[in-house]
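Each remark here refers to the structure printed beneath this line.
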Amino acid sequence: MPKIMKSTIDALMKEPPKTVLRDSDLKGFQARRTTTGVTYHFEYRTGGRESEVRRIKIGRHSGAMTPDQARDEAKSHVLAIASRRDPAAERSKSKKTPTLAEYAKTLLDAAEAVAIAHPENAKLTKKTIGTYRSYMRVHIGPAFGKLRLDQIASSDVLHFHNTLSKTNPATANRCRELISSLYGSAAVAGLVPRGTNPTFGVGKNKENARERFLSDDELMALGSAITVAETTGIPYPTPQAKPGKKAKHIARSRPPYIVSTTVTNALRVLILTGRRLREILHARWTDIDFERNILTIFTKAGRRNLHMPEPAMDIIRKMPRLSGYVFPQEKDKKKPLNTLDGPWNAIRRYCGLVDVRLHDLRHSFASVTISGGASLPVVGKLLGHTNAKTTQRYAHLADNPVREALAKAAAHISSAIGNPVTEDASPERT
């Protein structure tokens, strides 16, 4: 029984198929002659002599798999057996593990079903699910989609993140977060061991949070545009033909875009409260305490009471109760509004605020509140921040009262001590 090495493998190639070469040094390690070449195997028992003999294939002899490489893998199986593990059973289980693309599709399909049937209880909106599908299709899928969950290593994710960061660092961070979330769910489902997450150790790119605050003039322009939208309607922009193309198929005119009062009222309440989009759109009449001006919402952290300003409550009080939701969909009153993207894009284009997002209304509310003298803890409470660090992004806005106080104090002291004497005004020295 010779040792398995290149010379003995070359000799085995001359033997008939089904010939077995057992290694003299490592028990269980063997090479088998097939009709097309040689394959390496490891044979073992999980118990005593009476237990079943199992055989696991290591690989095919080739330039990529040498006798020494096959021996090293066979040794790893010896160590696994010594640890009371079954290599064949583990490999069988691994083959049943879904690929990253398969698992992501399963989770996103389930999340989308909830978002459609019960949007008020959904953890992910349809828009977010669409974004995640885009990440899988464009970035994550081509890199890892065909690999099983147990085949992706931290080094693979690190290389992927570093490569994508060169062109789009923010997207690289979002993809990293999605991969991490998928593995967290897979661990709960028992598809991978707990603590198995290839994003561990892969640092995020530093991102500068976008801050866009509306001035008083811009708020006035926005309010006027909302009024136009719900009354006379927003005119469609005149379509332009592409250079060198004829314009005969371009529509000459379209009726103005009239936005429903349900949508415009939702926008006004968002502006007045600084609340998150779904906190307002998914509000039910039964969630509102009209005596105390409080809106109750239910989050992952539990039940929370949101204080509502009187102008926002006044808008809500005057709205008709068309369904259980304060802001129901026009086509299906049993469902709440899911998005305001279409009307918002038309309104912001009309008033020239093309760079303002819906979420910027929340930033603007914080800006106005701080300018009015509110402290950061109070602003955090109004915005519903559970972490004080989140409110710190507005810390620079709180400097305005400090600057005003400093200017007043300096002006008062300056008038008391007098202006400094300049060199030209100083008396001549003798």
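Ordered as shown in the structure tokens, chains take letters A, B, and onward, while each chain numbers its residues from 1 and ligands are numbered from 1 in the order shown.
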
Could you pull out the residues in range 153-329 of chain A that DSSP calls helix (DSSP H, G or I) from the backbone, as a PyMOL selection string?
chain A and resi 154-165+169-188+216-230+261-273+277-281+285-287+310-317

Considering only C-alpha atoms, return as a PDB file with C-alpha atoms, in the first residue's frame whatever protein or nucleic-acid residues lie within 8 Å of His359 in chain A, sequence-local ones (same chain, fewer than 3 positions apart) excluded.
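part32.pdb, written as the output of this step:
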```pdb
ATOM      1  CA  ARG A 276     -41.612  60.504   9.272  1.00  0.00           C
ATOM      2  CA  LEU A 277     -43.639  59.786   6.140  1.00  0.00           C
ATOM      3  CA  ARG A 362     -38.153  66.960   8.414  1.00  0.00           C
ATOM      4  CA  HIS A 363     -34.766  68.709   8.415  1.00  0.00           C
TER       5      HIS A 363
END
```

Could you pull out the strand (DSSP E or B) residues of range 215-292 of chain A from DSSP and send them as a ChimeraX atom specification?
/A:234,257,284,288-289

Emit the selected residues as a short mmCIF file (atom, residue, chain, number, x, y, z; two decimals), in the first residue's frame, including N, CA and C atoms.
```cif
data_model
loop_
_atom_site.label_atom_id
_atom_site.label_comp_id
_atom_site.auth_asym_id
_atom_site.auth_seq_id
_atom_site.Cartn_x
_atom_site.Cartn_y
_atom_site.Cartn_z
N ILE A 234 -51.39 71.82 -11.47
CA ILE A 234 -50.04 72.18 -11.90
C ILE A 234 -49.90 71.89 -13.39
N TYR A 257 -52.29 69.05 -13.79
CA TYR A 257 -52.26 67.94 -12.83
C TYR A 257 -52.85 68.42 -11.51
N ARG A 284 -54.33 56.19 11.78
CA ARG A 284 -55.76 55.85 11.82
C ARG A 284 -56.48 56.87 12.70
N ILE A 288 -55.69 58.83 17.12
CA ILE A 288 -55.56 60.26 17.42
C ILE A 288 -56.40 60.63 18.64
N ASP A 289 -55.75 61.29 19.58
CA ASP A 289 -56.43 61.84 20.76
C ASP A 289 -56.63 63.34 20.49
#
```
